[in-house]
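Undergrad: TSV, C-alpha atoms and all ligand atoms, saved as work_24.tsv, coming up:
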chain	number	residue	atom	x	y	z
A	1	MET	CA	99.05	100.05	106.24
A	2	THR	CA	96.42	99.91	103.55
A	3	THR	CA	97.07	99.65	99.84
A	4	THR	CA	93.90	101.49	98.82
A	5	SER	CA	94.54	104.15	96.21
A	6	ALA	CA	92.23	106.50	94.36
A	7	SER	CA	92.83	104.58	91.14
A	8	ALA	CA	92.14	101.07	92.51
A	9	PRO	CA	88.72	99.69	91.55
A	10	ILE	CA	86.06	100.18	94.22
A	11	PHE	CA	84.52	96.78	93.45
A	12	VAL	CA	85.87	93.59	91.91
A	13	CYS	CA	84.23	90.22	91.43
A	14	ASP	CA	85.83	87.10	90.09
A	15	ASN	CA	83.88	84.24	88.55
A	16	VAL	CA	80.77	84.84	90.68
A	17	SER	CA	78.01	82.28	90.18
A	18	LYS	CA	74.59	81.46	91.57
A	19	HIS	CA	73.02	78.14	90.73
A	20	TYR	CA	69.42	77.22	91.53
A	21	GLY	CA	69.46	73.47	91.04
A	22	SER	CA	70.53	72.95	87.44
A	23	LEU	CA	69.88	76.60	86.51
A	24	ALA	CA	72.94	78.86	86.42
A	25	ALA	CA	71.16	82.19	87.11
A	26	VAL	CA	74.58	83.88	87.35
A	27	ASP	CA	77.29	82.01	85.52
A	28	GLY	CA	80.85	83.20	86.13
A	29	MET	CA	80.60	87.01	86.31
A	30	SER	CA	83.95	88.83	86.54
A	31	LEU	CA	83.99	92.63	86.72
A	32	ALA	CA	86.03	95.55	88.01
A	33	ILE	CA	84.28	98.86	88.70
A	34	ASP	CA	86.27	102.09	88.84
A	35	ARG	CA	85.61	104.65	91.55
A	36	GLY	CA	83.27	107.48	90.58
A	37	THR	CA	81.90	105.75	87.47
A	38	VAL	CA	78.41	104.55	86.55
A	39	LEU	CA	78.18	100.97	85.30
A	40	GLY	CA	74.94	100.24	83.45
A	41	ILE	CA	73.69	96.65	83.27
A	42	GLY	CA	71.12	95.63	80.66
A	43	GLY	CA	69.87	92.39	79.20
A	44	PRO	CA	66.67	90.39	78.70
A	45	ASN	CA	64.37	89.30	81.52
A	46	GLY	CA	65.83	86.30	83.30
A	47	ALA	CA	69.42	87.18	82.28
A	48	GLY	CA	70.51	87.11	85.94
A	49	LYS	CA	70.86	90.84	86.58
A	50	THR	CA	68.89	90.95	89.83
A	51	THR	CA	70.44	87.70	91.04
A	52	PHE	CA	73.88	89.21	90.44
A	53	PHE	CA	72.92	92.17	92.67
A	54	ASP	CA	71.48	89.76	95.27
A	55	VAL	CA	74.71	87.79	95.42
A	56	VAL	CA	77.15	90.70	95.63
A	57	THR	CA	75.05	92.59	98.20
A	58	GLY	CA	74.72	89.56	100.48
A	59	VAL	CA	70.97	89.05	99.98
A	60	THR	CA	71.60	85.47	98.86
A	61	PRO	CA	74.84	83.45	99.08
A	62	ALA	CA	76.85	82.84	95.91
A	63	THR	CA	77.47	79.24	94.88
A	64	GLY	CA	80.91	80.19	93.54
A	65	GLY	CA	83.38	83.01	93.04
A	66	ARG	CA	84.69	85.90	95.14
A	67	ALA	CA	83.98	89.62	95.53
A	68	TRP	CA	85.84	92.60	97.00
A	69	PHE	CA	84.76	96.06	98.07
A	70	GLY	CA	87.97	98.08	97.95
A	71	ASP	CA	90.53	96.01	99.85
A	72	THR	CA	87.93	94.04	101.77
A	73	GLU	CA	86.86	90.63	100.54
A	74	ILE	CA	83.08	90.52	101.04
A	75	THR	CA	82.46	86.97	99.81
A	76	GLY	CA	79.98	85.36	102.21
A	77	PHE	CA	79.32	88.57	104.19
A	78	SER	CA	75.75	89.24	105.38
A	79	SER	CA	73.78	92.04	103.71
A	80	ASP	CA	73.87	94.31	106.80
A	81	ARG	CA	77.63	93.94	107.11
A	82	ILE	CA	78.12	94.76	103.42
A	83	CYS	CA	75.81	97.78	103.77
A	84	GLN	CA	77.71	98.98	106.84
A	85	LEU	CA	80.95	98.89	104.85
A	86	GLY	CA	79.41	101.40	102.40
A	87	VAL	CA	77.48	99.39	99.79
A	88	ALA	CA	73.76	100.18	99.42
A	89	ARG	CA	71.11	98.92	97.04
A	90	THR	CA	67.50	99.34	95.97
A	91	PHE	CA	65.16	96.59	94.80
A	92	GLN	CA	63.39	96.01	91.50
A	93	LEU	CA	60.09	95.39	93.27
A	94	ASN	CA	58.73	97.66	95.97
A	95	ALA	CA	60.56	96.90	99.21
A	96	THR	CA	59.12	99.52	101.55
A	97	PHE	CA	57.37	98.86	104.87
A	98	ASP	CA	53.77	99.85	104.14
A	99	SER	CA	52.68	100.21	107.76
A	100	LEU	CA	55.50	102.64	108.59
A	101	THR	CA	55.64	106.30	107.64
A	102	VAL	CA	57.95	107.55	104.92
A	103	ARG	CA	60.35	108.93	107.55
A	104	GLU	CA	60.30	105.70	109.61
A	105	ASN	CA	61.16	103.69	106.49
A	106	VAL	CA	64.26	105.80	105.90
A	107	GLU	CA	65.25	105.61	109.58
A	108	VAL	CA	65.07	101.80	109.42
A	109	SER	CA	67.39	101.87	106.39
A	110	ALA	CA	69.80	104.23	108.15
A	111	LEU	CA	69.86	101.93	111.19
A	112	PHE	CA	70.50	98.88	108.99
A	113	GLY	CA	73.32	100.65	107.18
A	114	ARG	CA	75.19	102.04	110.17
A	115	GLU	CA	77.01	100.28	112.93
A	116	ALA	CA	74.26	100.72	115.49
A	117	ARG	CA	76.07	98.71	118.14
A	118	ARG	CA	78.81	101.32	118.24
A	119	LEU	CA	76.44	104.22	118.82
A	120	PRO	CA	74.96	104.88	122.25
A	121	ARG	CA	71.16	104.96	122.19
A	122	LEU	CA	70.65	108.71	122.37
A	123	THR	CA	73.25	109.55	119.75
A	124	ARG	CA	71.82	106.84	117.56
A	125	THR	CA	68.36	108.43	117.54
A	126	LYS	CA	69.81	111.83	116.57
A	127	VAL	CA	72.06	110.39	113.86
A	128	LEU	CA	69.21	108.39	112.33
A	129	GLU	CA	66.78	111.32	112.43
A	130	GLN	CA	69.28	113.57	110.77
A	131	ALA	CA	70.24	111.01	108.12
A	132	ALA	CA	66.56	110.44	107.33
A	133	SER	CA	65.78	114.17	107.06
A	134	GLU	CA	68.72	114.78	104.76
A	135	ALA	CA	67.88	111.81	102.55
A	136	LEU	CA	64.20	112.79	102.26
A	137	ASP	CA	65.19	116.36	101.32
A	138	PHE	CA	67.66	114.98	98.81
A	139	VAL	CA	65.03	113.00	96.86
A	140	GLY	CA	62.27	115.60	97.34
A	141	LEU	CA	60.04	113.61	99.71
A	142	ALA	CA	60.37	115.82	102.80
A	143	ASP	CA	56.78	117.05	102.57
A	144	LYS	CA	55.49	113.45	102.67
A	145	ALA	CA	57.65	112.37	105.63
A	146	ASP	CA	54.71	111.68	107.94
A	147	GLN	CA	52.50	109.84	105.47
A	148	PRO	CA	52.18	106.06	105.63
A	149	ALA	CA	54.34	104.51	102.88
A	150	ALA	CA	51.29	102.52	101.76
A	151	ARG	CA	49.78	105.70	100.31
A	152	LEU	CA	52.69	106.56	98.04
A	153	PRO	CA	52.37	106.36	94.24
A	154	VAL	CA	54.93	104.29	92.28
A	155	LEU	CA	57.40	107.14	91.66
A	156	ASP	CA	57.50	108.09	95.33
A	157	ARG	CA	58.04	104.46	96.36
A	158	LYS	CA	61.05	104.33	94.06
A	159	LEU	CA	62.32	107.62	95.52
A	160	LEU	CA	61.74	106.27	99.03
A	161	MET	CA	63.96	103.25	98.31
A	162	ILE	CA	66.63	105.60	96.94
A	163	ALA	CA	66.29	107.80	100.06
A	164	GLY	CA	66.78	104.72	102.26
A	165	ALA	CA	69.93	103.80	100.36
A	166	VAL	CA	71.26	107.38	100.52
A	167	ALA	CA	70.61	107.46	104.29
A	168	THR	CA	73.14	104.64	104.76
A	169	ASP	CA	75.82	107.00	103.36
A	170	PRO	CA	77.09	104.62	100.66
A	171	GLN	CA	80.25	104.79	98.57
A	172	LEU	CA	78.84	102.24	96.14
A	173	LEU	CA	75.17	102.11	95.19
A	174	PHE	CA	73.35	99.35	93.29
A	175	LEU	CA	70.03	100.45	91.70
A	176	ASP	CA	67.75	97.70	90.33
A	177	GLU	CA	65.42	99.16	87.66
A	178	PRO	CA	64.96	102.56	89.33
A	179	VAL	CA	62.68	103.82	86.53
A	180	GLY	CA	60.84	100.59	85.59
A	181	GLY	CA	57.15	101.39	85.04
A	182	LEU	CA	57.54	105.18	85.27
A	183	ALA	CA	56.28	107.86	82.85
A	184	VAL	CA	58.73	109.97	80.83
A	185	HIS	CA	58.66	113.06	83.09
A	186	GLU	CA	59.11	110.79	86.13
A	187	ILE	CA	62.12	109.11	84.51
A	188	ASP	CA	63.70	112.56	84.08
A	189	ARG	CA	63.23	113.25	87.78
A	190	VAL	CA	64.95	110.00	88.80
A	191	MET	CA	67.72	110.71	86.29
A	192	GLU	CA	68.40	114.07	87.99
A	193	ILE	CA	68.58	112.41	91.40
A	194	VAL	CA	70.96	109.70	90.16
A	195	GLU	CA	73.15	112.43	88.66
A	196	LYS	CA	73.14	114.26	92.01
A	197	ILE	CA	74.20	111.08	93.81
A	198	ARG	CA	77.01	110.62	91.32
A	199	ALA	CA	78.08	114.23	91.78
A	200	ARG	CA	78.62	113.42	95.47
A	201	GLY	CA	81.28	110.93	94.38
A	202	VAL	CA	79.21	107.77	94.85
A	203	THR	CA	79.98	104.96	92.41
A	204	ILE	CA	76.78	103.59	90.84
A	205	VAL	CA	75.75	100.28	89.30
A	206	LEU	CA	72.45	100.51	87.51
A	207	ILE	CA	70.14	97.85	86.05
A	208	GLU	CA	67.61	99.26	83.61
A	209	HIS	CA	65.59	98.31	80.53
A	210	VAL	CA	64.90	101.94	79.62
A	211	MET	CA	67.89	102.29	77.30
A	212	ARG	CA	67.74	106.09	77.01
A	213	PHE	CA	68.19	106.26	80.80
A	214	LEU	CA	70.82	103.52	80.97
A	215	LEU	CA	72.97	104.77	78.12
A	216	ALA	CA	72.76	108.46	79.08
A	217	LEU	CA	73.95	107.86	82.65
A	218	SER	CA	76.50	105.08	82.20
A	219	THR	CA	80.24	105.41	81.84
A	220	LYS	CA	80.39	101.76	80.81
A	221	VAL	CA	77.72	99.21	79.91
A	222	VAL	CA	77.49	95.48	80.48
A	223	ILE	CA	74.80	93.45	78.74
A	224	MET	CA	74.03	90.14	80.45
A	225	HIS	CA	72.53	87.07	78.80
A	226	GLN	CA	71.96	83.67	80.41
A	227	GLY	CA	73.97	84.57	83.51
A	228	LYS	CA	77.01	85.75	81.56
A	229	ILE	CA	78.48	88.97	80.19
A	230	LEU	CA	77.51	89.20	76.53
A	231	PHE	CA	78.90	92.69	75.96
A	232	GLU	CA	81.09	95.08	77.92
A	233	GLY	CA	81.99	98.50	76.54
A	234	GLN	CA	81.02	102.09	75.86
A	235	PRO	CA	77.34	103.06	75.81
A	236	SER	CA	77.66	104.34	72.24
A	237	ARG	CA	78.77	100.87	71.06
A	238	VAL	CA	75.92	98.81	72.51
A	239	ALA	CA	73.57	99.25	69.55
A	240	ASP	CA	76.31	98.24	67.08
A	241	ASP	CA	76.99	94.90	68.70
A	242	GLU	CA	75.39	92.12	66.69
A	243	ARG	CA	75.12	89.74	69.67
A	244	VAL	CA	73.33	92.40	71.73
A	245	VAL	CA	70.96	93.21	68.87
A	246	ASN	CA	70.11	89.53	68.42
A	247	ALA	CA	69.79	88.56	72.10
A	248	TYR	CA	68.22	91.72	73.50
A	249	LEU	CA	67.60	94.92	71.57
A	250	GLY	CA	66.18	93.77	68.26
A	251	ALA	CA	66.71	95.69	65.02
A	252	GLY	CA	64.17	98.46	65.74
A	253	ALA	CA	65.57	99.51	69.11
A	254	SER	CA	69.10	99.23	67.76
A	255	SER	CA	68.44	101.71	64.92
A	256	ARG	CA	66.64	104.12	67.28
A	257	LEU	CA	69.66	104.06	69.62
A	258	LYS	CA	72.08	104.58	66.76
A	259	ARG	CA	70.08	107.66	65.69
A	260	TYR	CA	70.11	108.89	69.31
A	261	PHE	CA	73.91	108.68	69.51
A	262	ALA	CA	74.37	110.18	66.03
A	263	ALA	CA	72.21	113.17	67.10
A	264	ARG	CA	74.19	113.57	70.33
A	265	GLU	CA	77.48	113.60	68.46
A	266	ALA	CA	76.24	116.07	65.83
B	301	LIG	N1	65.00	82.27	94.19
B	301	LIG	C1	65.06	81.70	92.97
B	301	LIG	N2	64.86	80.37	92.81
B	301	LIG	C2	64.94	79.80	91.58
B	301	LIG	N3	65.22	80.47	90.44
B	301	LIG	C3	65.43	81.80	90.56
B	301	LIG	C4	65.36	82.49	91.81
B	301	LIG	N4	65.62	83.80	91.60
B	301	LIG	C5	65.83	83.94	90.27
B	301	LIG	N5	65.71	82.74	89.65
B	301	LIG	C6	65.89	82.49	88.20
B	301	LIG	O1	67.15	82.99	87.84
B	301	LIG	C7	67.12	83.58	86.53
B	301	LIG	C8	67.61	84.99	86.61
B	301	LIG	O2	66.60	85.80	87.24
B	301	LIG	P1	66.84	87.34	87.56
B	301	LIG	O3	68.15	87.50	88.23
B	301	LIG	O4	65.64	87.83	88.29
B	301	LIG	O5	66.91	87.97	86.11
B	301	LIG	P2	66.79	89.48	85.61
B	301	LIG	O6	66.89	90.38	86.80
B	301	LIG	O7	67.92	89.65	84.64
B	301	LIG	O8	65.47	89.58	84.91
B	301	LIG	C9	65.68	83.43	86.04
B	301	LIG	O9	65.61	82.26	85.24
B	301	LIG	C10	64.91	83.27	87.33
B	301	LIG	O10	63.74	82.54	87.12
B	302	MG	MG	65.59	91.79	87.56
Is it possible to express this structure as structure tokens?
Ligand SMILES: Nc1ncnc2c1ncn2[C@@H]1O[C@H](COP(=O)(O)OP(=O)(O)O)[C@@H](O)[C@H]1O
Ligand SMILES: [Mg+2]
TA:
Amino acid sequence: MTTTSASAPIFVCDNVSKHYGSLAAVDGMSLAIDRGTVLGIGGPNGAGKTTFFDVVTGVTPATGGRAWFGDTEITGFSSDRICQLGVARTFQLNATFDSLTVRENVEVSALFGREARRLPRLTRTKVLEQAASEALDFVGLADKADQPAARLPVLDRKLLMIAGAVATDPQLLFLDEPVGGLAVHEIDRVMEIVEKIRARGVTIVLIEHVMRFLLALSTKVVIMHQGKILFEGQPSRVADDERVVNAYLGAGASSRLKRYFAAREA
């Protein structure tokens, strides 16, 4: 029998740490993420946001703490095993295979994220092709499927990483700066896609510096500083928090955000 219920958190971590020598890049992170929500993570460069993703998605081993996906403890699991359980991620920096086509990139992701050993070879090819086609349609890259990934502009590379993650059929998706370096109209396009993923019932954890994007999408926000949680709460409260203003936002950004929320409430 399993004790999973709709109301149990989809992800829990307890005191997770990652030390590089004397540097505590992640320093005792404890979190519970509810199913169907969007958790936004902000904080200054070097706060440990990406390292936190790396540790909980099995890209690098933690030096302390434990993590669970649903009922399954995933502490120490490899990244492919975690992905096959239903946890996908994208990377802050471009992580596509330049010499492969757009479609091949997504097929590689789908293969990584599914239990290939359980599928006979022929079925596998069909399943991967179909997953790739659906994912490319979903992000709007179907017409570029046969182009080499090397030729894609920045926005399309970001969408390609998202397509790869979607093709693994995740229940929980970690997005590391999905709109970093994009223009305003491009940010809106990614925002629509993230909303569509959420509408499918996928739980999302999002790192982003673009506060308009982060605060508009998130159900809850965590601000990290020096490997720790500095703030945890509602998006509308972030700009009021003195510690966040001092460590991250600054006075200017804080007043702009307060005006943004005042206008939304009006
Ligand atoms: N592989 C590594 N080896 C040593 N230090 C690292 C490594 N990866 C990250 N760090 C350090 O850990 C800290 C957190 O980095 P990172 O997680 O990338 O922060 P963020 O994503 O919040 O900008 C930084 O001081 C960074 O230099
Ligand atoms: Mg980072």
Undergrad: Have a look at atom CA of A:Lys258 and atom CA of A:Asp240 and let me know their distance in Å, one decimal.
TA: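 That distance, rounded to one decimal, is 7.6 Å.
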Undergrad: Closest to ligand MG 302 (chain B) among A:Ala167, A:Ala24, A:Leu175, A:Val202, using all atoms listed in the file?
TA: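 Closest residue, counting all atoms listed in the file: A:Leu175.
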Undergrad: Neighbours of ligand LIG 301 (chain B) at 6 Å or closer, counting only C-alpha atoms and all ligand atoms: which residues, as an MDAnalysis selection string?
TA: chainID A and resid 20 25 45:51
Undergrad: Could you produce a table of the residues of stretch 138-184 of chain A lying within 9 Å of stretch 83-102 of chain A, with the nearest pair of atoms per residue and their separation in Å rounded to one decimal, using only C-alpha atoms, ordered by chain and increasing residue number, as a Markdown table?
TA:
| residue | atom | partner | partner_atom | distance |
| --- | --- | --- | --- | --- |
| A:Leu141 | CA | A:Val102 | CA | 8.3 |
| A:Ala142 | CA | A:Val102 | CA | 8.9 |
| A:Lys144 | CA | A:Val102 | CA | 6.8 |
| A:Ala145 | CA | A:Val102 | CA | 4.9 |
| A:Asp146 | CA | A:Thr101 | CA | 5.5 |
| A:Gln147 | CA | A:Thr101 | CA | 5.2 |
| A:Pro148 | CA | A:Thr101 | CA | 4.0 |
| A:Ala149 | CA | A:Asp98 | CA | 4.9 |
| A:Ala150 | CA | A:Asp98 | CA | 4.4 |
| A:Arg151 | CA | A:Asp98 | CA | 8.1 |
| A:Leu152 | CA | A:Val102 | CA | 8.7 |
| A:Val154 | CA | A:Asn94 | CA | 8.5 |
| A:Arg157 | CA | A:Asn94 | CA | 6.8 |
| A:Lys158 | CA | A:Asn94 | CA | 7.3 |
| A:Leu160 | CA | A:Val102 | CA | 7.1 |
| A:Met161 | CA | A:Thr90 | CA | 5.8 |
| A:Ile162 | CA | A:Thr90 | CA | 6.4 |
| A:Gly164 | CA | A:Thr90 | CA | 8.3 |
| A:Ala165 | CA | A:Ala88 | CA | 5.4 |
| A:Val166 | CA | A:Ala88 | CA | 7.7 |
| A:Thr168 | CA | A:Ala88 | CA | 7.0 |
| A:Asp169 | CA | A:Gly86 | CA | 6.7 |
| A:Pro170 | CA | A:Gly86 | CA | 4.3 |
| A:Gln171 | CA | A:Gly86 | CA | 5.2 |
| A:Leu172 | CA | A:Val87 | CA | 4.8 |
| A:Leu173 | CA | A:Ala88 | CA | 4.9 |
| A:Phe174 | CA | A:Arg89 | CA | 4.4 |
| A:Leu175 | CA | A:Thr90 | CA | 5.1 |
| A:Asp176 | CA | A:Gln92 | CA | 4.8 |
| A:Glu177 | CA | A:Gln92 | CA | 5.4 |
| A:Pro178 | CA | A:Gln92 | CA | 7.1 |
| A:Gly180 | CA | A:Gln92 | CA | 7.9 |
Undergrad: Using all atoms listed in the file, which of A:Ala8, A:Ile41, A:Ile33, A:Val205 sits nearest A:Val238?
TA: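 Checking each candidate against A:Val238, we get A:Ile41 as the closest.
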Undergrad: If I take atom CA of A:Ala266 and atom CA of A:His185, how far is one from the other in Å, to one decimal?
TA: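 Atom CA of A:His185 lies at a distance of 24.8 Å from atom CA of A:Ala266.
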Undergrad: Within 12 Å of A:Asp241, counting only C-alpha atoms, which residues show up once you throw out same-chain ones fewer than 5 positions away? Write them as a list in words, please.
TA: Val222, Ile223, Leu230, Phe231, Glu232, Gly233, Gln234, Pro235, Ser236, Asn246, Ala247, Tyr248, Leu249, Gly250, Ala251, Ser254, Ser255, Leu257 and Lys258 of chain A
Undergrad: Pick from A:Leu39, A:Ile207, A:Leu159, A:Ala110: nearest to ligand MG 302 (chain B), with all atoms listed in the file counted?
TA: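 Among the listed residues, the smallest separation from ligand MG 302 (chain B) belongs to A:Ile207.
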Undergrad: When you look at A:Ala216 with a cut-off of 10 Å (counting all atoms listed in the file), what residues show up, excluding the ones that are within fewer than 2 positions of it in the same chain? I need them as a PDB file with C-alpha atoms, in the frame of the given file.
TA:
ATOM      1  CA  GLY A  40      74.940 100.240  83.450  1.00  0.00           C
ATOM      2  CA  MET A 191      67.720 110.710  86.290  1.00  0.00           C
ATOM      3  CA  MET A 211      67.890 102.290  77.300  1.00  0.00           C
ATOM      4  CA  ARG A 212      67.740 106.090  77.010  1.00  0.00           C
ATOM      5  CA  PHE A 213      68.190 106.260  80.800  1.00  0.00           C
ATOM      6  CA  LEU A 214      70.820 103.520  80.970  1.00  0.00           C
ATOM      7  CA  SER A 218      76.500 105.080  82.200  1.00  0.00           C
ATOM      8  CA  THR A 219      80.240 105.410  81.840  1.00  0.00           C
ATOM      9  CA  PRO A 235      77.340 103.060  75.810  1.00  0.00           C
ATOM     10  CA  SER A 236      77.660 104.340  72.240  1.00  0.00           C
ATOM     11  CA  PHE A 261      73.910 108.680  69.510  1.00  0.00           C
TER      12      PHE A 261
END
Undergrad: Just give me the gap between atom CA of A:Val56 and atom CA of A:Ile204 in Å, one decimal is fine.
TA: 13.8 Å
Undergrad: Here is a test: counting only C-alpha atoms and all ligand atoms, which residue of A:Leu217, A:Ile10, A:Leu206, A:Val127 is nearest to ligand MG 302 (chain B)?
TA: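 Selected residue with least distance to ligand MG 302 (chain B): A:Leu206.
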Undergrad: Using all atoms listed in the file, can you tell me which of A:Ser22, A:Asn15, A:Asn105, A:Ser78 comes closest to A:Ala135?
TA: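 Closest residue, counting all atoms listed in the file: A:Asn105.
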Undergrad: So, counting all atoms listed in the file, which residue among A:His209, A:Arg256, A:Arg114, A:Arg103 is closest to A:Ala239?
TA: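 Looking only at the distances to A:Ala239, the closest residue turns out to be A:Arg256.
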Undergrad: Stretch 77-96 of chain A, all listed atoms, 6 Å padding on each side: what axis-aligned box centre and edge lengths in Å to one decimal come out, as AutoDock Vina command-line options?
TA:
--center_x 69.8 --center_y 95.0 --center_z 99.3 --size_x 34.2 --size_y 24.8 --size_z 27.6
Undergrad: So which residues touch A:Ala199 within 9 Å, counting only C-alpha atoms, skipping near sequence neighbours fewer than 4 positions away, as a tab-separated table (two decimals) with C-alpha atoms, in the frame of the given file?
TA:
chain	number	residue	atom	x	y	z
A	36	GLY	CA	83.27	107.48	90.58
A	194	VAL	CA	70.96	109.70	90.16
A	195	GLU	CA	73.15	112.43	88.66
Undergrad: Tell me, as a list of chain:residue names, which residues lie within 10 Å of A:Leu128, counting all atoms listed in the file; anything in the same chain fewer than 5 positions away does not count.
TA: A:Glu104, A:Val106, A:Glu107, A:Val108, A:Ser109, A:Ala110, A:Leu111, A:Arg114, A:Ala116, A:Thr123, A:Ser133, A:Glu134, A:Ala167, A:Thr168
